[in-house]
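Structure below is structure15.cif: mmCIF, C-alpha atoms.
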data_work
#
loop_
_atom_site.label_atom_id
_atom_site.label_comp_id
_atom_site.auth_asym_id
_atom_site.auth_seq_id
_atom_site.Cartn_x
_atom_site.Cartn_y
_atom_site.Cartn_z
CA MET A 898 -164.97 -252.15 -55.92
CA LYS A 899 -163.38 -255.54 -55.41
CA ASP A 900 -164.02 -256.86 -51.90
CA ASN A 901 -160.35 -256.90 -50.92
CA MET A 902 -160.12 -253.09 -50.76
CA ASP A 903 -160.81 -251.46 -47.40
CA THR A 904 -163.79 -249.14 -47.03
CA ALA A 905 -164.37 -247.37 -43.73
CA ASP A 906 -168.15 -247.28 -44.09
CA ALA A 907 -170.92 -249.86 -43.80
CA MET A 908 -169.53 -252.01 -46.63
CA LEU A 909 -167.66 -255.06 -45.38
CA THR A 910 -164.16 -255.93 -46.53
CA THR A 911 -163.95 -259.71 -46.49
CA ALA A 912 -161.66 -260.81 -49.35
CA GLY A 913 -164.48 -263.29 -49.93
CA SER A 914 -163.73 -265.11 -46.68
CA LEU A 915 -166.08 -265.81 -43.80
CA ALA A 916 -163.07 -265.25 -41.52
CA LEU A 917 -163.21 -261.49 -42.19
CA VAL A 918 -166.98 -261.00 -41.97
CA GLY A 919 -167.59 -258.36 -39.32
CA SER A 920 -164.12 -256.84 -39.48
CA LYS A 921 -164.29 -253.06 -39.73
CA PRO A 922 -161.46 -251.20 -41.46
CA THR A 923 -160.75 -247.86 -39.82
CA ARG A 924 -160.01 -246.06 -43.09
CA ASP A 925 -160.42 -246.34 -46.83
CA ALA A 926 -157.78 -247.97 -49.00
CA PHE A 927 -155.69 -245.35 -50.82
CA VAL A 928 -157.42 -246.06 -54.16
CA VAL A 929 -160.86 -245.87 -52.52
CA LYS A 930 -159.92 -242.50 -51.02
CA ARG A 931 -158.84 -241.26 -54.48
CA ILE A 932 -162.10 -242.49 -56.02
CA ARG A 933 -164.17 -240.69 -53.40
CA GLU A 934 -162.09 -237.49 -53.70
CA ALA A 935 -162.77 -237.51 -57.46
CA GLY A 936 -166.51 -237.41 -56.69
CA MET A 937 -167.25 -240.97 -57.76
CA VAL A 938 -169.92 -242.98 -55.96
CA LEU A 939 -169.11 -246.46 -54.70
CA LEU A 940 -172.15 -248.62 -55.37
CA GLY A 941 -170.88 -251.67 -53.53
CA LYS A 942 -168.30 -254.40 -53.19
CA THR A 943 -167.92 -257.13 -55.78
CA ASN A 944 -167.31 -260.82 -55.22
CA LEU A 945 -163.91 -262.33 -55.93
CA SER A 946 -162.13 -265.63 -55.86
CA GLU A 947 -161.66 -266.11 -52.12
CA TRP A 948 -158.46 -264.49 -50.81
CA ALA A 949 -157.82 -263.32 -54.40
CA ASN A 950 -157.36 -266.93 -55.54
CA ILE A 951 -154.72 -267.99 -53.01
CA ARG A 952 -157.14 -269.96 -50.82
CA SER A 953 -156.20 -273.25 -52.44
CA PRO A 954 -154.36 -274.49 -55.53
CA LYS A 955 -157.61 -276.21 -56.57
CA SER A 956 -160.14 -273.50 -55.72
CA THR A 957 -162.89 -272.62 -58.18
CA SER A 958 -162.18 -269.37 -59.99
CA GLY A 959 -164.75 -266.71 -59.10
CA TRP A 960 -166.00 -268.53 -55.98
CA SER A 961 -165.83 -267.35 -52.38
CA ALA A 962 -167.40 -268.60 -49.16
CA HIS A 963 -168.85 -265.14 -48.55
CA GLY A 964 -170.22 -264.41 -52.03
CA GLY A 965 -170.69 -267.77 -53.73
CA LEU A 966 -169.94 -268.25 -57.43
CA THR A 967 -169.70 -265.25 -59.73
CA ARG A 968 -171.50 -265.95 -63.00
CA ASN A 969 -170.31 -264.64 -66.35
CA PRO A 970 -173.08 -262.31 -67.62
CA VAL A 971 -171.97 -262.77 -71.21
CA ARG A 972 -172.57 -266.52 -71.05
CA LEU A 973 -173.84 -267.92 -67.78
CA THR A 974 -172.39 -271.38 -68.41
CA HIS A 975 -168.86 -269.99 -68.80
CA SER A 976 -166.44 -268.95 -66.09
CA ALA A 977 -166.07 -265.28 -65.21
CA SER A 978 -162.46 -266.22 -64.36
CA GLY A 979 -160.76 -264.62 -61.41
CA SER A 980 -159.85 -263.32 -59.10
CA SER A 981 -161.52 -259.98 -59.95
CA SER A 982 -164.54 -261.88 -61.27
CA GLY A 983 -167.21 -259.75 -59.60
CA SER A 984 -165.72 -256.49 -60.87
CA ALA A 985 -165.60 -257.85 -64.43
CA ALA A 986 -169.14 -259.24 -64.23
CA ALA A 987 -170.56 -255.99 -62.82
CA VAL A 988 -169.07 -253.99 -65.70
CA ALA A 989 -170.05 -256.55 -68.36
CA ALA A 990 -173.64 -256.68 -67.06
CA GLY A 991 -173.88 -252.89 -67.24
CA TYR A 992 -174.37 -252.38 -63.50
CA VAL A 993 -171.45 -249.93 -63.42
CA PRO A 994 -169.37 -248.15 -66.07
CA GLY A 995 -166.17 -249.10 -64.28
CA ALA A 996 -164.80 -251.01 -61.34
CA LEU A 997 -161.48 -251.66 -59.67
CA GLY A 998 -159.81 -255.03 -59.57
CA THR A 999 -156.50 -256.24 -58.21
CA GLU A 1000 -153.92 -258.42 -59.88
CA THR A 1001 -150.94 -260.45 -58.86
CA ASN A 1002 -150.94 -262.79 -61.84
CA GLY A 1003 -153.83 -262.38 -64.28
CA SER A 1004 -156.58 -261.39 -61.84
CA ILE A 1005 -157.61 -258.26 -63.78
CA VAL A 1006 -156.84 -259.20 -67.38
CA SER A 1007 -158.20 -262.76 -67.28
CA PRO A 1008 -161.72 -261.91 -66.00
CA ALA A 1009 -161.80 -258.86 -68.28
CA SER A 1010 -161.08 -261.12 -71.24
CA ALA A 1011 -163.63 -263.73 -70.13
CA CYS A 1012 -166.35 -261.08 -69.72
CA GLY A 1013 -165.52 -259.03 -72.83
CA ILE A 1014 -164.43 -255.81 -71.13
CA VAL A 1015 -161.22 -253.77 -70.78
CA GLY A 1016 -158.88 -254.66 -67.93
CA LEU A 1017 -155.59 -252.90 -67.24
CA LYS A 1018 -152.89 -254.06 -64.84
CA PRO A 1019 -150.75 -250.99 -64.18
CA THR A 1020 -147.02 -251.35 -63.66
CA VAL A 1021 -146.33 -252.22 -60.02
CA GLY A 1022 -145.56 -248.98 -58.21
CA LEU A 1023 -147.88 -246.78 -60.25
CA VAL A 1024 -150.94 -247.42 -58.04
CA SER A 1025 -150.88 -247.79 -54.24
CA ARG A 1026 -151.75 -251.07 -52.51
CA THR A 1027 -152.29 -249.48 -49.07
CA GLY A 1028 -155.50 -250.88 -47.60
CA ILE A 1029 -155.73 -253.80 -50.03
CA VAL A 1030 -155.53 -257.38 -48.71
CA PRO A 1031 -152.07 -258.41 -49.98
CA ILE A 1032 -150.65 -261.46 -51.68
CA THR A 1033 -147.16 -260.26 -52.62
CA HIS A 1034 -145.78 -256.73 -52.67
CA TRP A 1035 -143.59 -257.57 -55.68
CA GLN A 1036 -146.52 -258.21 -58.05
CA ASP A 1037 -149.75 -256.85 -56.50
CA THR A 1038 -151.45 -253.81 -57.98
CA ALA A 1039 -154.94 -252.38 -58.39
CA GLY A 1040 -156.27 -251.41 -61.79
CA PRO A 1041 -159.31 -250.30 -63.79
CA MET A 1042 -161.91 -252.59 -65.34
CA THR A 1043 -164.21 -250.75 -67.75
CA ARG A 1044 -166.28 -251.05 -70.92
CA THR A 1045 -163.95 -248.84 -72.99
CA VAL A 1046 -160.24 -248.08 -73.20
CA ARG A 1047 -161.04 -244.38 -72.68
CA ASP A 1048 -162.84 -245.14 -69.42
CA ALA A 1049 -159.87 -247.23 -68.26
CA ALA A 1050 -157.56 -244.28 -68.97
CA LEU A 1051 -159.87 -241.92 -67.08
CA LEU A 1052 -159.97 -244.23 -64.07
CA LEU A 1053 -156.18 -244.67 -64.16
CA ASN A 1054 -155.87 -240.86 -64.06
CA VAL A 1055 -157.68 -240.96 -60.71
CA ILE A 1056 -155.94 -243.86 -58.98
CA ALA A 1057 -152.31 -243.51 -60.15
CA GLY A 1058 -149.92 -241.60 -57.93
CA MET A 1059 -147.55 -241.60 -54.99
CA ASP A 1060 -148.63 -242.84 -51.58
CA ALA A 1061 -146.22 -242.23 -48.70
CA GLU A 1062 -147.35 -245.51 -47.09
CA ASP A 1063 -146.48 -247.65 -50.12
CA ALA A 1064 -142.74 -247.46 -50.81
CA GLN A 1065 -143.20 -249.01 -54.26
CA THR A 1066 -145.02 -245.82 -55.35
CA ARG A 1067 -142.28 -243.37 -54.32
CA GLU A 1068 -141.60 -242.46 -57.99
CA ALA A 1069 -145.19 -242.80 -59.22
CA ASP A 1070 -145.80 -239.07 -59.64
CA GLU A 1071 -142.71 -238.73 -61.85
CA ARG A 1072 -143.49 -241.89 -63.87
CA ARG A 1073 -147.21 -241.38 -64.42
CA ALA A 1074 -148.67 -239.58 -67.41
CA ALA A 1075 -150.32 -236.22 -66.77
CA ASP A 1076 -153.39 -237.51 -68.64
CA TYR A 1077 -153.66 -241.08 -69.90
CA THR A 1078 -156.49 -240.13 -72.28
CA ALA A 1079 -154.02 -237.93 -74.21
CA MET A 1080 -152.27 -241.14 -75.30
CA LEU A 1081 -155.37 -242.53 -76.97
CA ASN A 1082 -155.40 -242.56 -80.76
CA GLU A 1083 -158.49 -243.66 -82.70
CA ASP A 1084 -156.31 -244.48 -85.70
CA GLY A 1085 -153.73 -246.37 -83.65
CA LEU A 1086 -154.51 -249.65 -85.43
CA LYS A 1087 -155.18 -248.16 -88.87
CA GLY A 1088 -153.35 -250.10 -91.55
CA ARG A 1089 -152.42 -252.90 -89.14
CA ARG A 1090 -153.21 -256.56 -89.63
CA LEU A 1091 -154.51 -258.52 -86.67
CA GLY A 1092 -154.49 -262.28 -86.33
CA VAL A 1093 -157.30 -264.13 -84.58
CA VAL A 1094 -156.79 -267.70 -83.37
CA ARG A 1095 -160.01 -269.58 -84.10
CA ASP A 1096 -158.93 -273.08 -83.08
CA LEU A 1097 -156.21 -274.29 -80.75
#
Structure rendered as C-alpha cells:
Amino acid sequence: MKDNMDTADAMLTTAGSLALVGSKPTRDAFVVKRIREAGMVLLGKTNLSEWANIRSPKSTSGWSAHGGLTRNPVRLTHSASGSSSGSAAAVAAGYVPGALGTETNGSIVSPASACGIVGLKPTVGLVSRTGIVPITHWQDTAGPMTRTVRDAALLLNVIAGMDAEDAQTREADERRAADYTAMLNEDGLKGRRLGVVRDL
C-alpha cells in the first residue's frame, strides 16, 4: 500500500514527508477499506517520491525524507521511477503479489515499467480517492500494481466502484465491468506483430 493512503491502524500515513510523521488518520481510505473487506492482508506501507513527486520540480524520483531512496530490485543501479516506486519495487522483488499505487501523471505506469511489472491507471472516476493525499482531483486515481495482468484485473475488481464521498465516482458502478478478468484473452495478441525499439 503506497504511503499516501490512509490507514486507521498502527501504520503511519506520511506521503513520504517528515511533516506527517505521527499524524493518525481516523479511518481507512476507501480503497483500503475495500481491500480489507475482500479479506486481503495489508503487509505494510511502501515508500514513494515525497508528496507523490510534487515536493519539488527537481526532486529525485523514488526518494522521500521519511523513507529514503527506493532501489529498483531488477537492477539496483537503475531508478525505480516514481512516484509509486515502493509499490513497484515490492511487487518486483516478490515481497507481495500486488500493491496499490496512485497516479496523477505516470506515477503507476512509469515505476511499473521500470521494475518490469504490470501497472494500471484506471480512468479517473472508476476508483475512489477518498483518504488519499491529493494532488489534483481532475487526474488523481489509485490503481493496481501486480506481477500479472490477471492479478491487476482481480485487484481492480476489488477497488473499483462508487463512493458517496468522491463525486467523480458517482457513475462508477454503471461504468465498471462486472468482472475485469472476463475481458482477458490469452490469444489477444495472436497473429499480431509487435515492434520493439532497441535504440533511440
Within 10 Å of segment 1075-1083 of chain A: each segment 956-1068 of chain A residue with its shortest pair, only C-alpha atoms, as a tab-separated table:
residue	atom	partner	partner_atom	distance
A:Val1046	CA	A:Leu1081	CA	8.3
A:Arg1047	CA	A:Thr1078	CA	6.2
A:Asp1048	CA	A:Thr1078	CA	8.6
A:Ala1049	CA	A:Thr1078	CA	8.8
A:Ala1050	CA	A:Tyr1077	CA	5.1
A:Leu1051	CA	A:Thr1078	CA	6.5
A:Leu1052	CA	A:Tyr1077	CA	9.2
A:Leu1053	CA	A:Tyr1077	CA	7.2
A:Asn1054	CA	A:Asp1076	CA	6.2
A:Val1055	CA	A:Asp1076	CA	9.7
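All protein and nucleic acid residues in the vicinity of (-164.6, -266.8, -48.5), that is within 9 Å when counting only C-alpha atoms, are Thr911, Ala912, Gly913, Ser914, Leu915, Ala916, Leu917, Leu945, Ser946, Glu947, Trp948, Arg952, Trp960, Ser961, Ala962, His963, Gly964 and Gly965 of chain A.
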Cut-off 12 Å around (-158.5, -260.3, -71.2) with all atoms listed in the file: residues as a VMD selection string: chain A and resid 977 to 979 981 to 982 985 1003 to 1018 1042 to 1043
Hits from the PyMOL selection byres ((chain A and resi 907) around 10), listed as a PyMOL selection string: chain A and resi 904-906+908-910+921-922+941
Could the residues in this selection be written to a file with C-alpha atoms, as a compact mmCIF listing (two decimals), keeping the file's coordinate frame?
# COMPACT_ATOMS: atom_id res chain seq x y z
CA THR A 904 -163.79 -249.14 -47.03
CA ALA A 905 -164.37 -247.37 -43.73
CA ASP A 906 -168.15 -247.28 -44.09
CA MET A 908 -169.53 -252.01 -46.63
CA LEU A 909 -167.66 -255.06 -45.38
CA THR A 910 -164.16 -255.93 -46.53
CA LYS A 921 -164.29 -253.06 -39.73
CA PRO A 922 -161.46 -251.20 -41.46
CA GLY A 941 -170.88 -251.67 -53.53
Spatial neighbours of Met937 of chain A, 12 Å, only C-alpha atoms, chain gap at least 4 places, as a ChimeraX atom specification: /A:898,928-933,993-996,1051-1052,1055-1056
Atom pair atom CA of Ile1032 of chain A / atom CA of Pro954 of chain A: separation (Å):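 Result for atom CA of Ile1032 of chain A versus atom CA of Pro954 of chain A: 14.1 Å, one decimal.
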Point-to-point distance in Å for atom CA of Val1024 of chain A and atom CA of Arg924 of chain A: 17.5 Å
Contact residues around segment 1036-1039 of chain A with all atoms listed in the file at 7 Å, ignoring same-chain residues under 6 positions, as number ranges by chain: A: 997-1001, 1018-1019, 1021, 1024, 1026
Given all atoms listed in the file as the counted atoms, nearest of A:Gly1022, A:Arg972, A:Trp1035, A:Ala935 to Glu1062 of chain A: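 Nearest to Glu1062 of chain A: A:Gly1022.
If you look at atom CA of Thr957 of chain A and atom CA of Thr974 of chain A, they are 14.0 Å away from each other.
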As a check of understanding, name the residues that the PyMOL selection byres ((chain A and resi 1071) around 12) selects in the supplied structure, as a tab-separated table (two decimals) with C-alpha atoms, in the coordinates of the input.
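Now in result00.tsv:
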chain	number	residue	atom	x	y	z
A	1022	GLY	CA	-145.56	-248.98	-58.21
A	1023	LEU	CA	-147.88	-246.78	-60.25
A	1057	ALA	CA	-152.31	-243.51	-60.15
A	1058	GLY	CA	-149.92	-241.60	-57.93
A	1059	MET	CA	-147.55	-241.60	-54.99
A	1066	THR	CA	-145.02	-245.82	-55.35
A	1067	ARG	CA	-142.28	-243.37	-54.32
A	1068	GLU	CA	-141.60	-242.46	-57.99
A	1069	ALA	CA	-145.19	-242.80	-59.22
A	1070	ASP	CA	-145.80	-239.07	-59.64
A	1072	ARG	CA	-143.49	-241.89	-63.87
A	1073	ARG	CA	-147.21	-241.38	-64.42
A	1074	ALA	CA	-148.67	-239.58	-67.41
A	1075	ALA	CA	-150.32	-236.22	-66.77
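Against this structure, the PyMOL selection byres ((chain A and resi 986) around 8) ends up with Thr967, Arg968, Asn969, Pro970, Ala977, Ser982, Gly983, Ser984, Ala985, Ala987, Val988, Ala989, Ala990 and Cys1012 of chain A.
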Counting all atoms listed in the file, the option among A:Val1094, A:Gly959, A:Glu934, A:Gly991 closest to His975 of chain A: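 Between A:Val1094, A:Gly959, A:Glu934, A:Gly991, the residue approaching His975 of chain A most closely is A:Gly959.
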Who sits within 6 Å of Ala926 of chain A, all atoms listed in the file, same chain under 3 positions skipped, as a ChimeraX atom specification: /A:902-903,929,1027-1028
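Take the candidates A:Ser920, A:Leu966, A:Asp925, A:Lys899 and check each one against Leu940 of chain A using all atoms listed in the file; the shortest distance goes to A:Lys899.
If you measure from each of A:Leu1097, A:Val938, A:Ile1029, A:Leu1091 to Asp1063 of chain A using all atoms listed in the file, the closest one turns out to be A:Ile1029.
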Please complete segment 910-927 of chain A so it has N, CA and C atoms, and hand it over as an mmCIF file, in the coordinates of the input.
data_model
loop_
_atom_site.group_PDB
_atom_site.id
_atom_site.type_symbol
_atom_site.label_atom_id
_atom_site.label_comp_id
_atom_site.auth_asym_id
_atom_site.auth_seq_id
_atom_site.Cartn_x
_atom_site.Cartn_y
_atom_site.Cartn_z
ATOM 1 N N THR A 910 -165.330 -255.539 -45.749
ATOM 2 C CA THR A 910 -164.160 -255.930 -46.530
ATOM 3 C C THR A 910 -163.815 -257.331 -46.074
ATOM 4 N N THR A 911 -164.106 -258.322 -46.919
ATOM 5 C CA THR A 911 -163.950 -259.710 -46.490
ATOM 6 C C THR A 911 -162.939 -260.519 -47.291
ATOM 7 N N ALA A 912 -162.484 -260.019 -48.432
ATOM 8 C CA ALA A 912 -161.660 -260.810 -49.350
ATOM 9 C C ALA A 912 -162.362 -262.113 -49.716
ATOM 10 N N GLY A 913 -163.687 -262.112 -49.594
ATOM 11 C CA GLY A 913 -164.480 -263.290 -49.930
ATOM 12 C C GLY A 913 -164.508 -264.351 -48.851
ATOM 13 N N SER A 914 -163.874 -264.102 -47.727
ATOM 14 C CA SER A 914 -163.730 -265.110 -46.680
ATOM 15 C C SER A 914 -164.674 -264.856 -45.508
ATOM 16 N N LEU A 915 -165.248 -265.927 -44.995
ATOM 17 C CA LEU A 915 -166.080 -265.810 -43.800
ATOM 18 C C LEU A 915 -165.252 -265.375 -42.589
ATOM 19 N N ALA A 916 -163.947 -265.625 -42.635
ATOM 20 C CA ALA A 916 -163.070 -265.250 -41.520
ATOM 21 C C ALA A 916 -163.026 -263.744 -41.294
ATOM 22 N N LEU A 917 -163.280 -262.947 -42.329
ATOM 23 C CA LEU A 917 -163.210 -261.490 -42.190
ATOM 24 C C LEU A 917 -164.572 -260.817 -42.078
ATOM 25 N N VAL A 918 -165.654 -261.594 -42.119
ATOM 26 C CA VAL A 918 -166.980 -261.000 -41.970
ATOM 27 C C VAL A 918 -167.069 -260.339 -40.593
ATOM 28 N N GLY A 919 -167.484 -259.094 -40.572
ATOM 29 C CA GLY A 919 -167.590 -258.360 -39.320
ATOM 30 C C GLY A 919 -166.384 -257.510 -38.996
ATOM 31 N N SER A 920 -165.274 -257.711 -39.721
ATOM 32 C CA SER A 920 -164.120 -256.840 -39.480
ATOM 33 C C SER A 920 -164.431 -255.457 -40.021
ATOM 34 N N LYS A 921 -163.968 -254.440 -39.345
ATOM 35 C CA LYS A 921 -164.290 -253.060 -39.730
ATOM 36 C C LYS A 921 -163.007 -252.269 -39.950
ATOM 37 N N PRO A 922 -162.631 -252.047 -41.205
ATOM 38 C CA PRO A 922 -161.460 -251.200 -41.460
ATOM 39 C C PRO A 922 -161.688 -249.799 -40.896
ATOM 40 N N THR A 923 -160.628 -249.187 -40.415
ATOM 41 C CA THR A 923 -160.750 -247.860 -39.820
ATOM 42 C C THR A 923 -160.597 -246.735 -40.841
ATOM 43 N N ARG A 924 -160.142 -247.081 -42.049
ATOM 44 C CA ARG A 924 -160.010 -246.060 -43.090
ATOM 45 C C ARG A 924 -160.083 -246.703 -44.464
ATOM 46 N N ASP A 925 -160.339 -245.870 -45.447
ATOM 47 C CA ASP A 925 -160.420 -246.340 -46.830
ATOM 48 C C ASP A 925 -159.037 -246.715 -47.350
ATOM 49 N N ALA A 926 -159.000 -247.700 -48.243
ATOM 50 C CA ALA A 926 -157.780 -247.970 -49.000
ATOM 51 C C ALA A 926 -157.415 -246.711 -49.779
ATOM 52 N N PHE A 927 -156.153 -246.547 -50.106
ATOM 53 C CA PHE A 927 -155.690 -245.350 -50.820
ATOM 54 C C PHE A 927 -156.479 -245.144 -52.113
#
